[in-house]
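Raw work_11.csv, CSV, C-alpha atoms:
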```csv
chain,number,residue,atom,x,y,z
A,1,MET,CA,-28.7,-19.4,13.4
A,2,MET,CA,-26.2,-17.7,11.1
A,3,LYS,CA,-22.7,-19.0,11.1
A,4,LEU,CA,-19.6,-16.9,10.8
A,5,ASP,CA,-18.2,-19.0,8.0
A,6,GLY,CA,-21.3,-18.3,5.9
A,7,ILE,CA,-21.0,-14.6,6.5
A,8,ALA,CA,-17.3,-14.8,5.6
A,9,ALA,CA,-18.2,-16.6,2.4
A,10,PHE,CA,-20.6,-13.9,1.5
A,11,VAL,CA,-18.3,-11.0,2.3
A,12,ALA,CA,-15.3,-12.6,0.5
A,13,THR,CA,-17.5,-13.2,-2.6
A,14,ALA,CA,-18.8,-9.7,-2.6
A,15,GLU,CA,-15.4,-8.1,-2.2
A,16,ALA,CA,-13.5,-10.4,-4.6
A,17,GLY,CA,-16.2,-10.3,-7.2
A,18,SER,CA,-16.5,-14.1,-7.8
A,19,ILE,CA,-16.9,-17.3,-5.9
A,20,SER,CA,-13.6,-18.6,-7.3
A,21,ALA,CA,-11.7,-15.6,-6.1
A,22,ALA,CA,-13.4,-15.8,-2.7
A,23,ALA,CA,-12.5,-19.5,-2.4
A,24,ARG,CA,-8.8,-18.6,-3.1
A,25,ARG,CA,-8.9,-15.9,-0.4
A,26,LEU,CA,-10.6,-18.1,2.2
A,27,GLY,CA,-8.5,-21.2,1.3
A,28,ASN,CA,-11.6,-23.3,0.7
A,29,ALA,CA,-12.9,-25.2,-2.3
A,30,LYS,CA,-15.3,-23.4,-4.6
A,31,SER,CA,-18.0,-25.8,-3.7
A,32,VAL,CA,-17.6,-25.2,0.0
A,33,VAL,CA,-18.0,-21.4,-0.5
A,34,SER,CA,-21.1,-21.9,-2.7
A,35,GLU,CA,-22.6,-24.2,-0.1
A,36,ARG,CA,-22.0,-21.7,2.7
A,37,LEU,CA,-23.5,-18.9,0.6
A,38,ALA,CA,-26.6,-21.0,-0.1
A,39,GLU,CA,-27.0,-21.9,3.5
A,40,LEU,CA,-26.8,-18.2,4.6
A,41,GLU,CA,-29.4,-17.2,2.0
A,42,ARG,CA,-31.7,-20.0,3.2
A,43,LEU,CA,-31.4,-18.8,6.8
A,44,LEU,CA,-32.0,-15.1,5.8
A,45,ASP,CA,-34.8,-16.2,3.4
A,46,THR,CA,-33.5,-14.0,0.7
A,47,ARG,CA,-31.1,-14.0,-2.2
A,48,LEU,CA,-28.0,-12.0,-1.5
A,49,ILE,CA,-26.1,-12.6,-4.7
A,50,GLN,CA,-27.4,-12.7,-8.3
A,51,ARG,CA,-25.5,-15.3,-10.3
A,52,THR,CA,-25.4,-15.3,-14.1
A,53,THR,CA,-23.1,-17.0,-16.5
A,54,ARG,CA,-21.3,-13.8,-17.2
A,55,LYS,CA,-21.1,-12.0,-13.8
A,56,LEU,CA,-22.0,-11.9,-10.2
A,57,SER,CA,-23.7,-9.0,-8.5
A,58,LEU,CA,-25.3,-8.2,-5.2
A,59,THR,CA,-29.1,-8.0,-4.9
A,60,GLU,CA,-30.6,-5.1,-3.1
A,61,ASP,CA,-30.8,-7.2,0.1
A,62,GLY,CA,-27.1,-8.2,-0.5
A,63,GLN,CA,-26.1,-4.5,-0.7
A,64,THR,CA,-28.0,-3.8,2.5
A,65,PHE,CA,-26.5,-6.8,4.3
A,66,LEU,CA,-22.9,-6.4,3.2
A,67,PRO,CA,-21.7,-3.5,5.5
A,68,ARG,CA,-23.3,-5.2,8.5
A,69,ALA,CA,-21.7,-8.5,7.5
A,70,GLN,CA,-18.3,-6.9,7.2
A,71,ARG,CA,-18.8,-5.3,10.6
A,72,ILE,CA,-19.8,-8.7,12.2
A,73,LEU,CA,-16.6,-10.3,10.9
A,74,TYR,CA,-14.5,-7.4,12.0
A,75,GLU,CA,-15.9,-7.3,15.5
A,76,ALA,CA,-15.6,-11.1,15.9
A,77,ALA,CA,-11.9,-11.0,14.8
A,78,GLU,CA,-11.1,-8.0,17.0
A,79,GLY,CA,-12.9,-9.6,20.0
A,80,ALA,CA,-10.6,-12.7,19.6
A,81,ALA,CA,-7.6,-10.4,19.1
A,82,GLU,CA,-8.3,-8.4,22.2
A,83,MET,CA,-8.7,-11.5,24.3
A,84,ALA,CA,-5.5,-12.9,23.0
A,85,ALA,CA,-3.8,-9.5,23.6
A,86,ARG,CA,-4.7,-9.7,27.3
A,87,ARG,CA,-2.8,-13.0,27.4
A,88,GLY,CA,0.2,-11.3,25.8
A,89,THR,CA,-0.4,-12.5,22.2
A,90,LEU,CA,-1.9,-11.3,19.0
A,91,VAL,CA,-3.9,-13.6,16.8
A,92,GLY,CA,-6.1,-13.6,13.7
A,93,PRO,CA,-6.2,-12.4,10.1
A,94,LEU,CA,-4.7,-9.1,8.9
A,95,ARG,CA,-4.9,-8.1,5.3
A,96,LEU,CA,-2.5,-5.4,4.1
A,97,SER,CA,-1.9,-3.6,0.7
A,98,ALA,CA,1.3,-1.8,-0.2
A,99,PRO,CA,3.1,-0.4,-3.3
A,100,VAL,CA,5.2,-3.0,-5.2
A,101,GLY,CA,8.6,-1.4,-5.1
A,102,PHE,CA,8.5,-0.3,-1.4
A,103,GLY,CA,7.0,-3.7,-0.5
A,104,VAL,CA,9.8,-5.6,-2.2
A,105,LEU,CA,12.7,-3.5,-0.9
A,106,HIS,CA,11.6,-2.4,2.6
A,107,LEU,CA,8.2,-3.6,3.8
A,108,GLY,CA,8.9,-7.3,3.3
A,109,PRO,CA,11.8,-7.4,5.8
A,110,ALA,CA,9.9,-5.3,8.3
A,111,ILE,CA,6.8,-7.5,8.0
A,112,CYS,CA,9.0,-10.5,8.8
A,113,CYS,CA,10.2,-8.8,12.0
A,114,PHE,CA,6.5,-8.2,12.9
A,115,LEU,CA,5.5,-11.8,12.3
A,116,ALA,CA,8.5,-13.1,14.2
A,117,ASP,CA,7.2,-11.2,17.3
A,118,HIS,CA,3.5,-12.1,16.6
A,119,PRO,CA,3.4,-15.6,15.1
A,120,GLY,CA,-0.4,-15.9,15.8
A,121,ILE,CA,-1.1,-13.2,13.1
A,122,ASP,CA,-2.3,-14.6,9.8
A,123,LEU,CA,-1.1,-11.8,7.5
A,124,THR,CA,-1.9,-11.4,3.8
A,125,LEU,CA,0.2,-8.8,2.0
A,126,GLU,CA,-0.9,-7.8,-1.5
A,127,LEU,CA,1.5,-5.6,-3.5
A,128,ASP,CA,-0.2,-3.3,-6.0
A,129,ASP,CA,0.8,0.1,-7.4
A,130,ARG,CA,-2.8,1.2,-7.9
A,131,PHE,CA,-4.6,3.2,-5.2
A,132,VAL,CA,-6.7,0.5,-3.7
A,133,ASP,CA,-9.9,1.3,-1.8
A,134,ALA,CA,-9.1,-0.1,1.6
A,135,ALA,CA,-12.7,-0.6,2.7
A,136,ALA,CA,-14.3,-1.7,-0.6
A,137,ASP,CA,-11.4,-4.0,-1.5
A,138,GLY,CA,-11.5,-5.7,1.9
A,139,PHE,CA,-8.1,-4.5,3.4
A,140,ASP,CA,-7.6,-3.9,7.0
A,141,ALA,CA,-4.9,-1.3,6.2
A,142,VAL,CA,-2.9,0.1,3.3
A,143,ILE,CA,0.6,1.5,3.1
A,144,ARG,CA,0.7,4.8,1.1
A,145,HIS,CA,3.5,7.1,0.0
A,146,GLY,CA,2.1,10.6,0.0
A,147,THR,CA,-1.0,12.5,1.1
A,148,ILE,CA,-4.1,10.5,2.2
A,149,ALA,CA,-7.1,12.4,0.7
A,150,ASP,CA,-9.7,9.7,1.6
A,151,THR,CA,-11.6,11.1,4.6
A,152,ARG,CA,-12.9,7.6,5.4
A,153,LEU,CA,-9.4,6.6,6.4
A,154,VAL,CA,-7.3,7.3,9.5
A,155,ALA,CA,-3.6,7.8,8.5
A,156,LYS,CA,-0.7,7.4,10.8
A,157,ARG,CA,2.8,8.4,9.7
A,158,LEU,CA,5.4,5.6,9.5
A,159,ALA,CA,8.4,7.5,8.2
A,160,THR,CA,9.6,10.6,6.3
A,161,SER,CA,10.5,10.3,2.7
A,162,GLN,CA,12.8,12.5,0.8
A,163,ARG,CA,13.0,12.7,-3.0
A,164,ILE,CA,16.2,13.2,-4.9
A,165,LEU,CA,17.1,13.7,-8.5
A,166,VAL,CA,19.4,10.9,-9.9
A,167,ALA,CA,20.9,9.8,-13.1
A,168,SER,CA,23.5,7.4,-14.3
A,169,PRO,CA,27.1,8.6,-14.6
A,170,ALA,CA,26.9,7.7,-18.3
A,171,TYR,CA,23.8,9.8,-18.9
A,172,LEU,CA,25.4,12.8,-17.2
A,173,ALA,CA,28.7,12.4,-19.0
A,174,GLN,CA,26.8,12.5,-22.3
A,175,HIS,CA,24.2,15.2,-21.6
A,176,GLY,CA,25.8,17.2,-18.9
A,177,VAL,CA,24.9,17.8,-15.2
A,178,PRO,CA,22.0,20.3,-14.6
A,179,GLN,CA,23.0,23.1,-12.3
A,180,SER,CA,19.6,24.7,-11.7
A,181,VAL,CA,15.9,24.0,-11.9
A,182,ALA,CA,15.7,25.7,-15.3
A,183,ASP,CA,18.4,23.3,-16.7
A,184,LEU,CA,16.1,20.3,-16.0
A,185,GLU,CA,13.7,21.2,-18.8
A,186,ALA,CA,16.4,20.4,-21.4
A,187,HIS,CA,16.8,16.8,-20.0
A,188,CYS,CA,14.9,13.6,-20.5
A,189,GLY,CA,12.7,12.7,-17.5
A,190,ILE,CA,11.7,9.3,-16.2
A,191,LEU,CA,8.3,10.1,-14.6
A,192,TYR,CA,5.9,8.3,-12.2
A,193,ALA,CA,2.6,7.7,-14.0
A,194,ASN,CA,0.4,7.5,-10.9
A,195,ARG,CA,0.9,11.1,-9.8
A,196,ASP,CA,1.2,14.5,-11.3
A,197,ALA,CA,4.1,14.3,-13.8
A,198,ASP,CA,5.4,17.7,-12.6
A,199,TRP,CA,8.5,17.9,-10.5
A,200,ARG,CA,8.2,20.5,-7.6
A,201,PHE,CA,11.2,22.2,-5.9
A,202,ALA,CA,11.3,24.5,-3.0
A,203,GLY,CA,12.5,28.0,-3.9
A,204,PRO,CA,12.9,31.3,-2.2
A,205,ASP,CA,9.5,32.4,-3.6
A,206,GLY,CA,7.6,29.2,-3.1
A,207,TRP,CA,7.4,26.1,-5.2
A,208,THR,CA,8.9,25.9,-8.7
A,209,VAL,CA,7.4,23.4,-11.1
A,210,VAL,CA,9.4,21.6,-13.8
A,211,ARG,CA,8.0,19.7,-16.7
A,212,PRO,CA,10.8,17.6,-18.2
A,213,ARG,CA,10.5,15.9,-21.6
A,214,ALA,CA,9.3,12.4,-20.8
A,215,ALA,CA,11.6,9.5,-21.8
A,216,LEU,CA,9.4,7.1,-19.9
A,217,ARG,CA,6.2,7.1,-17.8
A,218,VAL,CA,5.7,4.1,-15.5
A,219,ASN,CA,3.8,3.4,-12.3
A,220,ASN,CA,6.5,1.5,-10.5
A,221,GLY,CA,9.5,3.0,-8.7
A,222,LEU,CA,11.8,0.0,-9.3
A,223,VAL,CA,11.3,0.3,-13.1
A,224,MET,CA,12.0,4.0,-12.8
A,225,ARG,CA,15.3,3.2,-11.0
A,226,ASP,CA,16.2,0.6,-13.6
A,227,ALA,CA,15.5,3.1,-16.4
A,228,ALA,CA,17.8,5.6,-14.7
A,229,LEU,CA,20.5,2.9,-14.3
A,230,ALA,CA,20.2,2.2,-18.0
A,231,GLY,CA,20.9,5.8,-18.8
A,232,LEU,CA,17.5,6.8,-20.2
A,233,GLY,CA,17.3,10.1,-18.3
A,234,ILE,CA,17.0,11.8,-15.0
A,235,THR,CA,14.4,10.7,-12.5
A,236,LEU,CA,13.1,12.0,-9.2
A,237,LEU,CA,13.0,9.1,-6.7
A,238,PRO,CA,12.3,8.6,-3.1
A,239,THR,CA,15.5,7.9,-1.2
A,240,PHE,CA,14.2,4.5,-0.2
A,241,PHE,CA,14.6,3.5,-3.9
A,242,ALA,CA,17.8,5.4,-4.7
A,243,HIS,CA,20.0,5.3,-1.6
A,244,ALA,CA,21.8,2.0,-2.2
A,245,ASP,CA,22.6,2.8,-5.9
A,246,VAL,CA,23.8,6.3,-5.0
A,247,ALA,CA,26.1,4.8,-2.3
A,248,ALA,CA,27.4,2.3,-4.7
A,249,GLY,CA,28.1,5.0,-7.4
A,250,ALA,CA,25.7,3.4,-9.9
A,251,LEU,CA,23.5,6.5,-9.7
A,252,VAL,CA,24.6,10.1,-9.1
A,253,GLY,CA,22.6,12.4,-6.9
A,254,ILE,CA,22.1,15.8,-8.6
A,255,ASP,CA,22.2,19.0,-6.6
A,256,ILE,CA,20.4,21.9,-8.3
A,257,GLY,CA,20.5,24.1,-5.3
A,258,CYS,CA,17.0,23.5,-4.0
A,259,ALA,CA,15.2,20.5,-2.4
A,260,ALA,CA,12.5,18.5,-4.2
A,261,GLU,CA,9.1,18.1,-2.7
A,262,GLY,CA,9.1,15.3,-0.1
A,263,ALA,CA,6.4,13.1,1.1
A,264,GLU,CA,5.5,10.8,4.0
A,265,LEU,CA,4.9,7.1,4.4
A,266,TYR,CA,1.6,6.3,6.0
A,267,ILE,CA,-0.4,3.3,7.2
A,268,ALA,CA,-4.0,4.1,6.6
A,269,TYR,CA,-7.1,2.2,7.7
A,270,PRO,CA,-10.9,2.6,7.8
A,271,ARG,CA,-12.1,4.6,10.7
A,272,GLU,CA,-14.1,1.7,12.1
A,273,HIS,CA,-10.8,-0.1,12.5
A,274,SER,CA,-9.3,2.6,14.8
A,275,ALA,CA,-9.5,0.3,17.9
A,276,SER,CA,-7.7,-2.6,16.2
A,277,VAL,CA,-4.9,-3.9,18.4
A,278,LYS,CA,-3.3,-5.7,15.5
A,279,ILE,CA,-3.1,-2.5,13.4
A,280,ALA,CA,-1.7,-0.6,16.4
A,281,ALA,CA,1.0,-3.3,16.9
A,282,LEU,CA,1.8,-3.3,13.2
A,283,THR,CA,2.2,0.5,13.2
A,284,LEU,CA,4.6,0.4,16.1
A,285,SER,CA,6.6,-2.4,14.6
A,286,LEU,CA,7.0,-0.8,11.2
A,287,ARG,CA,8.1,2.5,12.8
A,288,ALA,CA,10.7,0.7,14.8
A,289,SER,CA,11.9,-1.2,11.7
A,290,PHE,CA,12.2,1.9,9.5
A,291,GLY,CA,13.6,4.2,12.2
A,292,ASP,CA,13.4,8.0,12.7
A,293,PRO,CA,15.1,9.2,10.6
A,294,PRO,CA,14.6,6.1,8.4
A,295,TYR,CA,17.6,3.9,7.8
A,296,TRP,CA,17.5,4.7,4.0
A,297,ASP,CA,18.3,8.3,4.8
A,298,LEU,CA,21.3,7.5,7.1
A,299,PRO,CA,24.9,7.7,5.8
A,300,PRO,CA,26.0,4.5,4.2
A,301,SER,CA,28.4,3.7,7.1
A,302,ASP,CA,25.4,3.7,9.5
A,303,HIS,CA,23.4,1.0,7.7
A,304,ASP,CA,24.0,-1.9,5.4
A,305,ALA,CA,20.6,-3.5,5.1
A,306,PRO,CA,17.0,-3.3,6.4
A,307,PRO,CA,16.5,-4.8,9.9
A,308,SER,CA,15.9,-8.5,9.9
A,309,ALA,CA,14.1,-10.8,12.2
```
As structure tokens - that is how I would like this structure written.
Amino acid sequence: MMKLDGIAAFVATAEAGSISAAARRLGNAKSVVSERLAELERLLDTRLIQRTTRKLSLTEDGQTFLPRAQRILYEAAEGAAEMAARRGTLVGPLRLSAPVGFGVLHLGPAICCFLADHPGIDLTLELDDRFVDAAADGFDAVIRHGTIADTRLVAKRLATSQRILVASPAYLAQHGVPQSVADLEAHCGILYANRDADWRFAGPDGWTVVRPRAALRVNNGLVMRDAALAGLGITLLPTFFAHADVAAGALVGIDIGCAAEGAELYIAYPREHSASVKIAALTLSLRASFGDPPYWDLPPSDHDAPPSA
């Protein structure tokens, strides 16, 4: 009879790409994971993983078995979670990915609130500014800023997100304050490398696109903010990055007479996870923590810090 720990060892190895990484994810010794894999292969009378000195890959049987194995683990975890939910508790593992900057500034405190209410959840949060593949990388859910184009995912809005132009007082004193969209093209821009470098602003005739001269391209909002604080140029930041520094006077919000393109914060998860009581509870908890409108868009007198547990 197949054991869940053997299936878990196989899935973790396939998703993580190595037995060592699977062992770290599962909290087991490498030898334990190898033994459980070998036992599963004996029970199935087939080789699931091809091991060489250089790399590890799935056999044809392994590729066939993987989605079924993932489903078995998910159904087992959700079954336990649903039974616990009937008793008024939530239990079990939950693996979440989120962008680094938002995770550090806002998601961390909100997650602590969630875990304080649901101490039976074993949550793993991985911060990464790349666009992870939720299903292929083994995540139950991902936090995304902006449009969700992956049709394999269900997306639920967590909060609105405005973007504002900001620069340091020193930069503006030296280079002048732009008064219009056209003025921006003469300035140095600090650009986000993971999306289209163009800045888009709503005008009377539709969207106006600006392509500033790049002083820096980087895939992390906190580094963009720090570059603006250092006076390298003007940057277009979500208010969840800029609100505290604008309120403190370290950055200046720039009004050019039209609003920048906004975005939304989403939690997204594979469609087969739609019935997850843990994801539903996390979604409600994050919405409550961020607020509507979110606390980072409230006047400074209305908030001093993110909610805490």
So which one's closest to Arg287 in chain A, A:Lys156, A:Ala167, A:Pro67, A:Arg25? Using all atoms listed in the file, please.
A:Lys156
Option closest in space to Glu272 in chain A, from A:Glu82, A:Ala134, A:Leu191, A:Asp292 [counting all atoms listed in the file]:
A:Ala134
Can you pull out the residues contacting range 112-114 of chain A? Cut-off 12 Å, using all atoms listed in the file, and skip same-chain residues under 6 positions away; I want them as a list in words.
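So the residues in contact are Leu90, Leu94, Gly103, His106, Gly120, Ile121, Asp122, Leu123, Leu125, Lys278, Ile279, Ala280, Ala281, Leu282, Thr283, Leu284, Ser285, Leu286, Arg287, Ala288, Ser289, Phe290, Pro306, Pro307, Ser308 and Ala309 of chain A.
Compared by their closest atoms to Leu43 in chain A, and using only C-alpha atoms, the residues A:Ile7, A:Ile267, A:Leu26, A:Cys258 rank with A:Ile7 nearest.
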Can you pull out the residues contacting Phe102 in chain A? Cut-off 12 Å, using all atoms listed in the file, and skip same-chain residues under 6 positions away; I want them as a list in words.
Gly108, Pro109, Ala110, Ile111, Leu127, Asp128, Asp129, Ile143, Arg144, His145, Ser161, Asn220, Gly221, Leu222, Leu237, Pro238, Thr239, Phe240, Phe241, Ala242, Leu265, Phe290, Trp296 and Pro306 of chain A
I'd like the contact shell of Val11 in chain A - 10 Å cut-off, all atoms listed in the file, skipping same-chain residues fewer than 6 positions apart - returned as a ChimeraX atom specification.
/A:5,17,22,37,62,65-70,73,138
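Closest to Arg24 in chain A among A:Leu232, A:Leu184, A:Ala12, A:Ala116 is A:Ala12, based on all atoms listed in the file.
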With a distance cut-off of 9 Å and all atoms listed in the file, select the neighbouring residues of Leu4 in chain A, excluding the residue or stretch itself and same-chain residues fewer than 2 positions from it, and output the selection as an MDAnalysis selection string.
chainID A and resid 2 6:9 72:73 76
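Residue nearest His187 in chain A within the list A:Thr235, A:Thr13, A:Ser34, A:Gln63: A:Thr235 [criterion: smallest interatomic distance, all atoms listed in the file].
In this comparison, which uses only C-alpha atoms, the residue of A:Val210, A:Ala215, A:Val154, A:Ala268 approaching Ala227 in chain A most closely is A:Ala215.
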Tell me, in Å to one decimal, how far CA of Asp133 in chain A is from CA of Leu236 in chain A.
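About the pair CA of Asp133 in chain A and CA of Leu236 in chain A: they are 26.4 Å apart.
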Show me as a list in words the residues that reach within 7 Å of (-16.1, -22.2, -2.5), counting all atoms listed in the file and using the file's own coordinates.
Ile19, Ser20, Ala22, Ala23, Asn28, Ala29, Lys30, Ser31, Val32, Val33 and Ser34 of chain A
Pick out the residues sitting within 7 Å of Ala260 in chain A, and hand them over as a list in words; count all atoms listed in the file, and ignore anything fewer than 3 positions along from it in its own chain.
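Final neighbour list, sorted by chain and number: Arg163, Ile164, Arg200, Phe201 and Ala202 of chain A.
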Computed gap from CA of Ala135 in chain A to CA of Ala38 in chain A is 24.8 Å
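Pairwise distance (CA of Ala248 in chain A, CA of Gly146 in chain A) equals 27.0 Å.
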